[in-house]
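Shown below: query.txt, with compact mmCIF, C-alpha atoms.
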```txt
# COMPACT_ATOMS: atom_id res chain seq x y z
CA MET A 377 0.00 0.00 0.00
CA ASN A 378 2.86 2.36 0.92
CA ARG A 379 4.53 1.59 -2.40
CA LEU A 380 1.32 2.61 -4.18
CA ARG A 381 1.18 5.88 -2.19
CA GLY A 382 4.64 6.74 -3.50
CA HIS A 383 3.35 6.43 -7.06
CA ARG A 384 0.01 8.18 -6.53
CA GLY A 385 0.24 10.13 -9.82
CA LEU A 386 1.02 7.01 -11.82
CA VAL A 387 -1.81 5.05 -10.20
CA VAL A 388 -4.30 7.86 -10.91
CA THR A 389 -3.04 8.04 -14.51
CA ILE A 390 -3.51 4.29 -15.01
CA CYS A 391 -7.02 4.53 -13.52
CA VAL A 392 -7.91 7.44 -15.84
CA PHE A 393 -6.47 5.49 -18.79
CA ILE A 394 -8.69 2.52 -17.96
CA VAL A 395 -11.74 4.79 -17.60
CA VAL A 396 -11.03 6.42 -20.99
CA CYS A 397 -10.68 2.98 -22.63
CA VAL A 398 -13.97 1.80 -21.09
CA ILE A 399 -15.71 4.98 -22.34
CA ILE A 400 -14.33 4.36 -25.85
CA LEU A 401 -15.50 0.74 -25.83
CA PHE A 402 -18.96 1.78 -24.61
CA SER A 403 -19.12 4.56 -27.21
CA LEU A 404 -18.05 2.24 -30.02
CA SER A 405 -21.09 0.10 -29.32
CA ASN A 406 -23.37 3.18 -29.54
CA ILE A 407 -21.65 5.37 -32.17
CA GLY A 408 -23.19 8.83 -32.42
CA SER A 409 -24.98 8.62 -29.06
CA ILE A 410 -23.59 10.34 -25.98
CA GLY A 411 -25.71 8.64 -23.31
CA GLY A 412 -27.26 10.10 -20.16
CA ALA A 413 -24.00 11.21 -18.52
CA GLY A 414 -22.84 12.76 -21.80
CA LYS A 415 -26.13 14.66 -22.12
CA ALA A 416 -25.74 16.01 -18.59
CA ALA A 417 -22.18 17.14 -19.33
CA GLN A 418 -23.25 18.67 -22.65
CA SER A 419 -26.13 20.55 -20.92
CA GLY A 420 -23.63 22.09 -18.51
CA ALA A 421 -21.26 23.04 -21.32
CA ALA A 422 -24.08 24.45 -23.47
CA ALA A 423 -25.27 26.69 -20.62
CA VAL A 424 -21.82 28.33 -20.44
CA GLU A 425 -21.04 28.25 -24.17
CA SER A 426 -24.07 30.30 -25.20
CA PRO A 427 -22.99 33.64 -23.58
CA VAL A 428 -19.33 33.03 -24.52
CA ALA A 429 -20.32 32.48 -28.16
CA SER A 430 -22.42 35.68 -28.15
CA ALA A 431 -19.49 37.64 -26.72
CA GLY A 432 -17.14 36.09 -29.29
CA ASN A 433 -19.47 36.99 -32.15
CA GLY A 434 -19.78 40.54 -30.81
CA ILE A 435 -16.00 40.96 -30.65
CA SER A 436 -15.63 39.46 -34.11
CA ASP A 437 -18.32 41.79 -35.53
CA PHE A 438 -16.62 44.81 -33.92
CA PHE A 439 -13.24 44.04 -35.54
CA TYR A 440 -14.94 43.17 -38.84
CA GLY A 441 -16.66 46.57 -38.72
CA LEU A 442 -13.35 48.34 -38.11
CA THR A 443 -11.47 46.56 -40.87
CA HIS A 444 -14.27 46.54 -43.47
CA PHE A 445 -15.75 50.01 -42.87
CA GLY A 446 -15.61 51.02 -46.57
CA SER A 447 -17.25 47.88 -47.89
CA ILE A 448 -19.93 47.99 -45.16
CA GLN A 449 -20.83 51.55 -46.18
CA GLU A 450 -21.06 50.46 -49.84
CA GLU A 451 -23.20 47.49 -48.83
CA ASN A 452 -25.43 49.80 -46.81
CA GLU A 453 -26.05 52.01 -49.87
CA ARG A 454 -26.73 48.96 -52.03
CA LEU A 455 -29.18 47.54 -49.47
CA LYS A 456 -31.03 50.88 -49.26
CA ALA A 457 -31.52 50.81 -53.04
CA GLU A 458 -32.58 47.16 -52.83
CA ILE A 459 -35.16 47.94 -50.10
CA SER A 460 -36.67 50.70 -52.21
CA ASP A 461 -36.87 48.31 -55.18
CA LEU A 462 -38.41 45.56 -53.02
CA GLU A 463 -41.00 47.97 -51.62
CA SER A 464 -42.25 48.69 -55.14
CA GLN A 465 -42.27 44.92 -55.88
CA LEU A 466 -44.27 44.36 -52.67
CA THR A 467 -47.00 46.68 -53.91
CA ASP A 468 -47.29 44.59 -57.10
CA ALA A 469 -47.20 41.35 -55.10
CA LYS A 470 -50.09 42.45 -52.91
CA LEU A 471 -52.25 42.52 -56.02
CA SER A 472 -51.67 38.82 -56.62
CA SER A 473 -52.03 37.76 -52.96
CA GLU A 474 -55.65 36.81 -53.55
CA GLN A 475 -54.56 34.41 -56.27
CA PHE A 476 -51.97 32.97 -53.88
CA THR A 477 -54.61 32.32 -51.18
CA GLU A 478 -56.71 30.54 -53.74
CA LEU A 479 -53.77 28.34 -54.77
CA ARG A 480 -52.92 27.59 -51.13
CA ASN A 481 -56.50 26.45 -50.53
CA MET A 482 -56.28 24.19 -53.58
CA GLN A 483 -52.99 22.78 -52.28
CA ASN A 484 -54.57 21.93 -48.92
CA GLU A 485 -57.49 20.27 -50.66
CA LEU A 486 -55.09 18.18 -52.70
CA ASN A 487 -53.23 17.31 -49.47
CA THR A 488 -49.82 18.44 -50.77
CA ALA A 489 -48.94 20.92 -48.03
CA THR A 490 -45.30 22.06 -47.93
CA TYR A 491 -43.08 22.29 -44.86
CA ASP A 492 -44.12 25.91 -44.32
CA ASP A 493 -47.38 24.91 -42.71
CA SER A 494 -46.77 21.37 -41.46
CA TYR A 495 -43.65 22.13 -39.38
CA ASP A 496 -43.15 24.21 -36.27
CA VAL A 497 -40.35 26.67 -36.84
CA VAL A 498 -37.76 27.27 -34.10
CA THR A 499 -34.92 29.74 -34.59
CA ALA A 500 -31.67 29.23 -32.71
CA SER A 501 -28.13 30.56 -32.65
CA VAL A 502 -25.02 28.44 -32.97
CA THR A 503 -23.17 28.28 -29.66
CA ALA A 504 -20.31 25.88 -30.29
CA TYR A 505 -18.43 24.64 -33.34
CA ASP A 506 -16.51 21.48 -34.07
CA GLU A 507 -12.84 22.42 -34.40
CA SER A 508 -11.73 19.09 -35.82
CA GLN A 509 -11.78 18.84 -39.61
CA PHE A 510 -13.54 15.51 -39.73
CA PHE A 511 -17.13 16.30 -38.80
CA ASP A 512 -19.62 19.08 -39.45
CA ILE A 513 -21.21 19.06 -36.04
CA PHE A 514 -22.27 22.09 -34.05
CA THR A 515 -24.42 22.95 -31.05
CA VAL A 516 -27.39 25.34 -31.02
CA ASN A 517 -29.13 26.96 -28.07
CA ALA A 518 -32.57 25.41 -28.55
CA GLY A 519 -33.68 22.07 -27.16
CA THR A 520 -36.63 20.01 -26.00
CA SER A 521 -37.97 23.00 -24.03
CA ASP A 522 -38.40 24.78 -27.39
CA GLY A 523 -40.02 21.77 -29.02
CA VAL A 524 -36.90 20.53 -30.79
CA ASP A 525 -36.60 16.78 -31.19
CA LYS A 526 -34.05 14.28 -32.52
CA GLY A 527 -34.24 14.08 -36.33
CA ASP A 528 -35.63 17.61 -36.81
CA ILE A 529 -34.46 19.37 -39.94
CA VAL A 530 -32.13 22.37 -39.78
CA VAL A 531 -32.05 25.04 -42.52
CA ASN A 532 -31.08 28.65 -42.99
CA SER A 533 -31.63 31.21 -45.74
CA ASP A 534 -28.85 29.58 -47.82
CA GLY A 535 -30.47 26.15 -47.80
CA LEU A 536 -30.35 22.79 -46.08
CA ILE A 537 -27.91 22.49 -43.18
CA GLY A 538 -28.62 19.08 -41.67
CA HIS A 539 -30.58 17.42 -38.90
CA VAL A 540 -30.64 17.24 -35.12
CA THR A 541 -28.73 14.19 -33.91
CA GLU A 542 -28.79 14.74 -30.17
CA VAL A 543 -31.00 16.96 -28.05
CA GLY A 544 -31.05 18.20 -24.47
CA LYS A 545 -33.31 20.59 -22.58
CA ASN A 546 -31.67 23.78 -23.85
CA TRP A 547 -29.30 22.55 -26.57
CA ALA A 548 -29.27 20.44 -29.70
CA LYS A 549 -26.40 18.87 -31.60
CA VAL A 550 -26.74 19.32 -35.36
CA THR A 551 -24.96 17.17 -37.94
CA GLY A 552 -24.50 18.87 -41.30
CA ILE A 553 -25.44 17.29 -44.62
CA SER A 554 -21.82 17.62 -45.68
CA ASP A 555 -20.95 15.09 -42.95
CA SER A 556 -20.09 11.79 -44.62
CA ASP A 557 -22.73 9.88 -42.64
CA THR A 558 -25.70 11.67 -44.19
CA SER A 559 -27.39 10.92 -47.56
CA VAL A 560 -30.05 13.15 -49.09
CA SER A 561 -32.20 12.50 -52.15
CA PHE A 562 -32.17 15.43 -54.56
CA MET A 563 -33.81 16.67 -57.74
CA LEU A 564 -32.65 19.43 -60.03
CA LEU A 565 -34.42 22.76 -59.73
CA ARG A 566 -34.14 23.13 -63.53
CA ASP A 567 -35.61 19.69 -64.24
CA PRO A 568 -37.37 17.96 -61.29
CA GLU A 569 -37.38 14.68 -63.24
CA VAL A 570 -33.63 14.36 -62.62
CA ILE A 571 -33.43 12.59 -59.26
CA GLY A 572 -30.45 11.24 -57.37
CA VAL A 573 -28.80 10.74 -54.01
CA ILE A 574 -26.01 12.86 -52.61
CA SER A 575 -23.89 12.66 -49.47
CA GLY A 576 -21.15 14.77 -47.98
CA ASP A 577 -17.47 14.44 -47.20
CA ALA A 578 -17.31 16.90 -44.24
CA LYS A 579 -15.37 19.40 -46.40
CA ASN A 580 -18.39 21.32 -47.69
CA HIS A 581 -18.28 19.03 -50.74
CA LEU A 582 -21.05 16.71 -51.83
CA GLN A 583 -20.92 13.66 -54.03
CA GLY A 584 -23.51 11.24 -55.32
CA TYR A 585 -25.18 9.86 -58.39
CA VAL A 586 -28.21 10.35 -60.62
CA PHE A 587 -30.71 7.48 -60.94
CA ASP A 588 -31.37 7.93 -64.66
CA GLU A 589 -28.04 8.42 -66.46
CA THR A 590 -29.80 9.41 -69.69
CA LYS A 591 -31.07 12.66 -68.14
CA SER A 592 -29.11 15.83 -68.72
CA VAL A 593 -27.19 17.30 -65.78
CA LEU A 594 -25.23 20.54 -66.13
CA GLU A 595 -22.51 22.13 -64.06
CA GLY A 596 -24.07 24.87 -61.96
CA ASP A 597 -27.44 23.11 -61.68
CA THR A 598 -29.10 23.71 -58.32
CA MET A 599 -30.06 20.64 -56.31
CA VAL A 600 -33.12 20.75 -54.07
CA THR A 601 -34.61 18.14 -51.75
CA THR A 602 -37.21 15.81 -53.26
CA GLY A 603 -39.37 15.29 -50.17
CA MET A 604 -38.42 11.61 -50.03
CA GLY A 605 -36.97 10.55 -46.68
CA ALA A 606 -36.58 12.90 -43.76
CA TYR A 607 -36.26 16.19 -45.63
CA PRO A 608 -39.25 18.13 -46.99
CA ALA A 609 -39.29 19.01 -50.69
CA GLY A 610 -37.88 22.16 -52.21
CA ILE A 611 -35.02 23.08 -49.87
CA ARG A 612 -31.84 24.11 -51.67
CA ILE A 613 -28.97 21.65 -51.10
CA GLY A 614 -26.18 22.96 -53.29
CA LYS A 615 -24.83 23.41 -56.80
CA ILE A 616 -23.36 20.75 -59.07
CA THR A 617 -19.69 21.39 -59.77
CA ASP A 618 -18.64 18.27 -61.66
CA ILE A 619 -20.30 15.45 -63.63
CA SER A 620 -18.67 12.18 -64.65
CA ILE A 621 -19.61 8.71 -65.88
CA ASP A 622 -18.35 5.78 -63.83
CA SER A 623 -16.59 3.52 -66.37
CA GLY A 624 -17.47 0.35 -64.44
CA THR A 625 -21.13 0.86 -63.57
CA GLU A 626 -21.99 3.48 -66.26
CA ALA A 627 -23.65 5.48 -63.46
CA LYS A 628 -23.69 9.25 -63.77
CA THR A 629 -21.85 10.53 -60.72
CA VAL A 630 -22.00 14.16 -59.63
CA LYS A 631 -19.99 16.33 -57.31
CA GLY A 632 -21.39 19.44 -55.72
CA GLU A 633 -20.88 22.17 -53.23
CA SER A 634 -23.30 23.02 -50.46
CA THR A 635 -24.89 26.47 -50.64
CA VAL A 636 -24.31 26.77 -46.88
CA ASN A 637 -20.95 27.73 -45.42
CA PHE A 638 -20.80 25.47 -42.38
CA LYS A 639 -17.82 27.23 -40.84
CA SER A 640 -19.52 30.62 -40.53
CA LEU A 641 -22.98 29.71 -39.30
CA ARG A 642 -24.53 32.03 -36.72
CA PHE A 643 -28.29 31.44 -36.81
CA VAL A 644 -30.33 28.48 -37.96
CA THR A 645 -33.99 27.54 -38.32
CA ILE A 646 -35.16 24.19 -37.00
CA LEU A 647 -38.19 22.62 -38.66
CA SER A 648 -39.88 20.55 -36.01
CA LYS A 649 -42.76 18.12 -36.66
CA MET B 732 0.28 24.64 -10.15
CA LYS B 733 -2.76 24.13 -7.98
CA GLU B 734 -5.17 21.58 -9.46
CA PHE B 735 -8.26 23.81 -9.24
CA LYS B 736 -6.52 26.74 -10.93
CA LEU B 737 -5.35 24.43 -13.71
CA PHE B 738 -8.87 23.02 -14.10
CA VAL B 739 -10.28 26.55 -14.50
CA ILE B 740 -7.63 27.37 -17.15
CA PHE B 741 -8.48 24.17 -19.07
CA LEU B 742 -12.19 24.96 -18.79
CA LEU B 743 -11.70 28.49 -20.10
CA CYS B 744 -9.67 27.21 -23.02
CA PHE B 745 -12.26 24.52 -23.76
CA LEU B 746 -14.98 27.19 -23.92
CA LEU B 747 -12.85 29.51 -26.05
CA GLN B 748 -11.97 26.62 -28.35
CA SER B 749 -15.57 25.77 -29.19
CA THR B 750 -16.95 29.31 -29.33
CA VAL B 751 -14.37 31.96 -30.21
CA MET B 752 -11.41 30.24 -31.88
CA GLN B 753 -13.27 29.69 -35.17
CA HIS B 754 -12.96 33.48 -35.68
CA PHE B 755 -9.17 33.05 -35.68
CA SER B 756 -8.94 30.24 -38.21
CA VAL B 757 -6.36 30.47 -40.98
CA LEU B 758 -7.07 28.29 -44.04
CA GLY B 759 -9.79 26.64 -41.99
CA VAL B 760 -7.40 25.73 -39.18
CA SER B 761 -7.48 27.23 -35.71
CA PRO B 762 -5.19 26.54 -32.74
CA ASN B 763 -5.95 23.59 -30.48
CA LEU B 764 -5.85 25.14 -27.01
CA ILE B 765 -6.43 21.90 -25.11
CA LEU B 766 -3.49 20.31 -26.92
CA VAL B 767 -1.31 23.35 -26.15
CA LEU B 768 -2.22 23.22 -22.45
CA THR B 769 -1.62 19.47 -22.30
CA ILE B 770 1.83 19.95 -23.84
CA VAL B 771 2.78 22.84 -21.53
CA THR B 772 1.55 21.18 -18.34
CA SER B 773 3.10 17.80 -19.15
CA PHE B 774 6.40 19.15 -20.43
CA PHE B 775 7.14 21.81 -17.80
CA PHE B 776 5.46 20.43 -14.66
CA GLU B 777 6.47 17.31 -12.82
CA ASN B 778 3.00 15.89 -12.21
CA TYR B 779 0.23 14.10 -14.04
CA ASN B 780 -2.38 16.87 -13.76
CA GLY B 781 -1.95 18.02 -17.36
CA LEU B 782 -2.54 14.66 -18.94
CA ILE B 783 -5.48 13.85 -16.64
CA LEU B 784 -7.16 17.18 -17.43
CA GLY B 785 -6.27 16.72 -21.10
CA ALA B 786 -8.08 13.37 -21.02
CA PHE B 787 -11.10 14.90 -19.26
CA PHE B 788 -11.46 17.83 -21.65
CA GLY B 789 -10.74 15.58 -24.61
CA ILE B 790 -13.78 13.52 -23.55
CA MET B 791 -15.80 16.75 -23.23
CA GLN B 792 -14.67 17.70 -26.76
CA ASP B 793 -15.84 14.32 -28.05
CA ILE B 794 -19.18 14.63 -26.22
CA SER B 795 -19.74 17.98 -27.94
CA PHE B 796 -18.56 17.17 -31.45
CA GLY B 797 -17.19 13.66 -31.82
CA GLN B 798 -18.84 10.53 -33.08
CA VAL B 799 -16.92 8.22 -30.75
CA ILE B 800 -16.43 9.51 -27.21
CA GLY B 801 -12.96 9.16 -25.76
CA PHE B 802 -10.69 9.28 -28.83
CA SER B 803 -9.50 12.85 -28.18
CA GLY B 804 -9.17 12.13 -24.45
CA LEU B 805 -7.03 9.07 -25.13
CA ILE B 806 -4.81 10.98 -27.56
CA TYR B 807 -4.24 13.94 -25.20
CA MET B 808 -3.41 11.45 -22.49
CA CYS B 809 -0.89 9.60 -24.69
CA ILE B 810 0.76 12.90 -25.69
CA GLY B 811 0.92 13.97 -22.04
CA MET B 812 2.44 10.63 -20.98
CA GLY B 813 5.01 10.77 -23.77
CA LEU B 814 6.04 14.30 -22.77
CA GLN B 815 6.37 13.30 -19.10
CA PHE B 816 9.08 10.86 -20.21
CA LEU B 817 10.61 13.15 -22.85
CA ARG B 818 10.93 16.10 -20.43
CA LEU B 819 13.65 14.26 -18.50
CA SER B 820 15.94 13.83 -21.48
CA VAL B 821 15.86 17.24 -23.24
CA TYR B 822 16.65 20.82 -22.36
CA ARG B 823 13.20 22.34 -22.20
CA ASP B 824 13.84 26.07 -22.16
CA ASN B 825 14.73 26.28 -25.83
CA LYS B 826 12.52 27.58 -28.63
CA ILE B 827 13.69 24.91 -31.09
CA THR B 828 12.89 22.15 -28.61
CA LEU B 829 9.47 23.73 -28.02
CA PHE B 830 8.82 23.90 -31.75
CA PHE B 831 9.82 20.25 -32.14
CA VAL B 832 7.57 19.23 -29.25
CA THR B 833 4.63 21.27 -30.67
CA ALA B 834 5.12 19.77 -34.12
CA LEU B 835 5.30 16.28 -32.68
CA GLY B 836 2.23 16.81 -30.48
CA SER B 837 0.19 18.35 -33.29
CA ALA B 838 1.15 15.60 -35.75
CA ILE B 839 0.42 12.80 -33.27
CA TYR B 840 -2.94 14.37 -32.37
CA ALA B 841 -4.06 14.91 -35.98
CA LEU B 842 -2.90 11.53 -37.30
CA MET B 843 -4.10 9.50 -34.31
CA LEU B 844 -7.50 11.21 -34.36
CA TRP B 845 -7.78 10.56 -38.09
CA GLY B 846 -6.56 6.96 -37.70
CA LEU B 847 -8.91 6.06 -34.86
CA ASN B 848 -11.92 7.68 -36.57
CA PHE B 849 -10.95 6.04 -39.87
CA LEU B 850 -10.98 2.62 -38.21
CA ALA B 851 -14.30 3.22 -36.44
CA LEU B 852 -16.31 5.22 -38.99
CA PRO B 853 -16.82 5.67 -42.74
CA LEU B 854 -14.50 8.71 -42.86
CA SER B 855 -13.90 10.29 -46.26
CA TYR B 856 -10.85 12.31 -45.18
CA SER B 857 -7.50 10.90 -46.31
CA ALA B 858 -4.30 10.98 -44.26
CA GLY B 859 -2.82 13.20 -46.99
CA GLU B 860 -5.48 15.84 -46.40
CA VAL B 861 -4.76 15.74 -42.69
CA LEU B 862 -1.05 16.21 -43.40
CA MET B 863 -1.81 19.17 -45.72
CA SER B 864 -3.40 21.15 -42.89
CA LEU B 865 -0.70 20.17 -40.41
CA PRO B 866 1.84 22.98 -41.10
CA VAL B 867 -0.74 25.71 -40.33
CA SER B 868 -1.90 23.80 -37.28
CA ILE B 869 1.70 23.45 -36.00
CA LEU B 870 2.43 27.17 -36.47
CA TRP B 871 -0.81 28.21 -34.76
CA ASN B 872 -0.22 25.83 -31.84
CA TYR B 873 3.40 26.99 -31.54
CA VAL B 874 2.35 30.65 -31.25
CA CYS B 875 -0.22 29.75 -28.56
CA LEU B 876 2.32 27.53 -26.81
CA LEU B 877 4.85 30.38 -26.54
CA VAL B 878 2.15 32.58 -24.98
CA ALA B 879 1.14 29.78 -22.59
CA VAL B 880 4.78 29.11 -21.58
CA HIS B 881 5.27 32.84 -20.92
CA PHE B 882 2.44 32.79 -18.36
CA ALA B 883 3.26 29.31 -17.02
CA ARG B 884 6.75 30.51 -15.95
CA LYS B 885 5.14 32.43 -13.09
CA ALA B 886 3.29 29.35 -11.86
CA GLU B 887 4.40 27.23 -8.94
CA GLY B 888 6.14 24.00 -10.00
CA PHE B 889 7.35 25.22 -13.42
CA THR B 890 10.73 23.60 -14.16
CA VAL B 891 13.07 23.92 -17.15
```
Please, can you express the file's structure as structure tokens?
Amino acid sequence: MNRLRGHRGLVVTICVFIVVCVIILFSLSNIGSIGGAGKAAQSGAAAVESPVASAGNGISDFFYGLTHFGSIQEENERLKAEISDLESQLTDAKLSSEQFTELRNMQNELNTATYDDSYDVVTASVTAYDESQFFDIFTVNAGTSDGVDKGDIVVNSDGLIGHVTEVGKNWAKVTGISDSDTSVSFMLLRDPEVIGVISGDAKNHLQGYVFDETKSVLEGDTMVTTGMGAYPAGIRIGKITDISIDSGTEAKTVKGESTVNFKSLRFVTILSK
Amino acid sequence: MKEFKLFVIFLLCFLLQSTVMQHFSVLGVSPNLILVLTIVTSFFFENYNGLILGAFFGIMQDISFGQVIGFSGLIYMCIGMGLQFLRLSVYRDNKITLFFVTALGSAIYALMLWGLNFLALPLSYSAGEVLMSLPVSILWNYVCLLVAVHFARKAEGFTV
């Protein structure tokens, strides 16, 4: 016993090593799940991360404002002109709102409602980012108390971001579509008959294939969700950057880039069923 | 250094790492503060606190962002253990030695994390891509390490 006391540090280290190995073995049998203890730890971290992230964003915005003053002023002028243009467009749009209501009623009758009216919308800000290069995982400050559930879809104004993979009371872990684990069925915005499946490589790149290789696919084509599987139809996924024919299988393979920049996300919208 | 004080420093760095450090990324790479602290505490202090806290915050990192919990913790722990042995055979207060240690630590962390994830998951990253981002990572970590060493000098138990 006295000999062990002399090597207290080493004994503690060996114990910690064993604990870490046990955690790894347990985690390997439940990949992607963090368990009850993990959720408790993540809840604690999320509570502290949220204000730190806000402060960090504020500091970053301040320095961005200082270093990009000229371009911000230009952007301000451009946005003012855009607002004035949009206001005149709004007046025209109001005239056709009656037609829109009529179409919406027809859509409901035909039972083809879009995600706008069948999902609850929760907005959240990103509080913590994955710093490793391997995964596109981040944490947002909305959880079960806001109605967010595992599997809910996450979007922003640029398009599809991913889905909720883990959720706590006041936080949710989101896995991006560019993560290699996730596959999404897509159709082309230009020609909805062109359907395929695409998955990510965690580097903001997407790759997949088109079901019917006889259909025309062009570089720059916009991919949107088909509505098959977990994602509702019509959400932008990304743009096609490369098309090739697999010499072995003759399948038309495509590469694309997500319209969302996963490394600079601030706010997201969660579509909750 | 007192254990509680060290824990608070690790906690602060863990929070900064996941919230603020993405604003300081160069070519998509930002410094790894937990790795830097593990290196400094294991290389300059004659105790096991650094590697134990490295393991703990590595697990926290995996809980937040990893697919398999414990990989980062295990790697920080291995790096800390290695440095506890290495510290006895090199002159530590030398910038070249520090650069070598940072490069070694960063390379071991990146390649082991890639290797373990590659074995456990369908990872599309290649080892070559990991190596490509390594020089920036090493430089960033080295800069942070020099700052950390500067402050660590004032701490009780710092030895060169």
Practice item. May I have the residues of chain B within 6 Å of chain A, counting all atoms listed in the file, written as a list in words? Key: Ser749, Thr750, Val751, Tyr779, Phe796, Gln798, Val799, Ile800, Gly801 and Ser855 of chain B
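The closest residue to Ala423 (chain A), picked from A:Leu455, A:Ile611, A:Val516, A:Val573 and counting all atoms listed in the file, is A:Val516.
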**Study point:** Option closest in space to Met863 (chain B), from B:Val760, B:Leu829, B:Leu766, B:Leu876 [counting only C-alpha atoms]
**Key:**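 That would be B:Val760, the residue with the smallest distance to Met863 (chain B).
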Build an axis-aligned box that encloses every atom of region 761-765 of chain B listed in the file, pad it by 6 Å on each side, and report its centre and edge lengths in Å to one decimal, as lines of an AutoDock Vina configuration file.
```
center_x = -6.3
center_y = 24.6
center_z = -30.4
size_x = 14.3
size_y = 17.3
size_z = 22.6
```
Review point. To one decimal place, how far is CA of Gly632 (chain A) from CA of Ile529 (chain A) in Å?
Key: 20.5 Å
Practice item. Would you mind reading off the distance between CA of Ile619 (chain A) and CA of Leu582 (chain A), one decimal, in Å? Key: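 Here the two named atoms are 11.9 Å from each other.
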Close residues, region 830-842 of chain B itself excluded, 8 Å, only C-alpha atoms, min 2 positions apart in chain, as a PDB file with C-alpha atoms, keeping the file's coordinate frame:
```
ATOM      1  CA  LEU B 766      -3.490  20.310 -26.920  1.00  0.00           C
ATOM      2  CA  VAL B 767      -1.310  23.350 -26.150  1.00  0.00           C
ATOM      3  CA  ILE B 770       1.830  19.950 -23.840  1.00  0.00           C
ATOM      4  CA  SER B 803      -9.500  12.850 -28.180  1.00  0.00           C
ATOM      5  CA  ILE B 806      -4.810  10.980 -27.560  1.00  0.00           C
ATOM      6  CA  TYR B 807      -4.240  13.940 -25.200  1.00  0.00           C
ATOM      7  CA  ILE B 810       0.760  12.900 -25.690  1.00  0.00           C
ATOM      8  CA  LYS B 826      12.520  27.580 -28.630  1.00  0.00           C
ATOM      9  CA  ILE B 827      13.690  24.910 -31.090  1.00  0.00           C
ATOM     10  CA  THR B 828      12.890  22.150 -28.610  1.00  0.00           C
ATOM     11  CA  LEU B 844      -7.500  11.210 -34.360  1.00  0.00           C
ATOM     12  CA  TRP B 845      -7.780  10.560 -38.090  1.00  0.00           C
ATOM     13  CA  GLY B 846      -6.560   6.960 -37.700  1.00  0.00           C
ATOM     14  CA  ALA B 858      -4.300  10.980 -44.260  1.00  0.00           C
ATOM     15  CA  VAL B 861      -4.760  15.740 -42.690  1.00  0.00           C
ATOM     16  CA  LEU B 862      -1.050  16.210 -43.400  1.00  0.00           C
ATOM     17  CA  LEU B 865      -0.700  20.170 -40.410  1.00  0.00           C
ATOM     18  CA  SER B 868      -1.900  23.800 -37.280  1.00  0.00           C
ATOM     19  CA  ILE B 869       1.700  23.450 -36.000  1.00  0.00           C
ATOM     20  CA  ASN B 872      -0.220  25.830 -31.840  1.00  0.00           C
ATOM     21  CA  TYR B 873       3.400  26.990 -31.540  1.00  0.00           C
ATOM     22  CA  LEU B 876       2.320  27.530 -26.810  1.00  0.00           C
TER      23      LEU B 876
END
```
**Study point:** Interatomic distance (Å, one decimal) between CA of Val540 (chain A) and CA of Leu852 (chain B)
**Key:**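 Computed distance, CA of Val540 (chain A) to CA of Leu852 (chain B), equals 19.1 Å.
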Find the residues near Leu768 (chain B): any atom within 8 Å, counting all atoms listed in the file, skip ones fewer than 4 places away on the same chain, and give them as a PDB file with C-alpha atoms, in the frame of the given file.
```pdb
ATOM      1  CA  PHE B 741      -8.480  24.170 -19.070  1.00  0.00           C
ATOM      2  CA  LEU B 764      -5.850  25.140 -27.010  1.00  0.00           C
ATOM      3  CA  THR B 772       1.550  21.180 -18.340  1.00  0.00           C
ATOM      4  CA  GLY B 781      -1.950  18.020 -17.360  1.00  0.00           C
ATOM      5  CA  GLY B 785      -6.270  16.720 -21.100  1.00  0.00           C
ATOM      6  CA  LEU B 876       2.320  27.530 -26.810  1.00  0.00           C
ATOM      7  CA  ALA B 879       1.140  29.780 -22.590  1.00  0.00           C
TER       8      ALA B 879
END
```
Review point. Using all atoms listed in the file, which of A:Leu564, A:Ile459, A:Val630, A:Val644 sits nearest Gly610 (chain A)?
Key: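 Nearest candidate to Gly610 (chain A) out of A:Leu564, A:Ile459, A:Val630, A:Val644: A:Leu564.
Take the candidates B:Phe738, B:Phe775, B:Phe816, B:Tyr822 and check each one against Phe788 (chain B) using all atoms listed in the file; the shortest distance goes to B:Phe738.
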Review point. Hey, what's within 12 Å of Arg884 (chain B) if we count all atoms listed in the file and toss same-chain stuff fewer than 3 positions away? As a PyMOL selection string, please?
Key: chain B and resi 732+771-772+775-776+824+877-881+887-891
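Using all atoms listed in the file, the nearest neighbour of Phe745 (chain B) within the list B:Met791, B:Leu758, B:Leu782, B:Cys875 is B:Met791.
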Review point. Which protein, DNA or RNA residues have an atom at most 8 Å from (-33.7, 22.8, -58.8), counting all atoms listed in the file? List them as a PyMOL selection string.
Key: chain A and resi 563-568+597-600+610+612
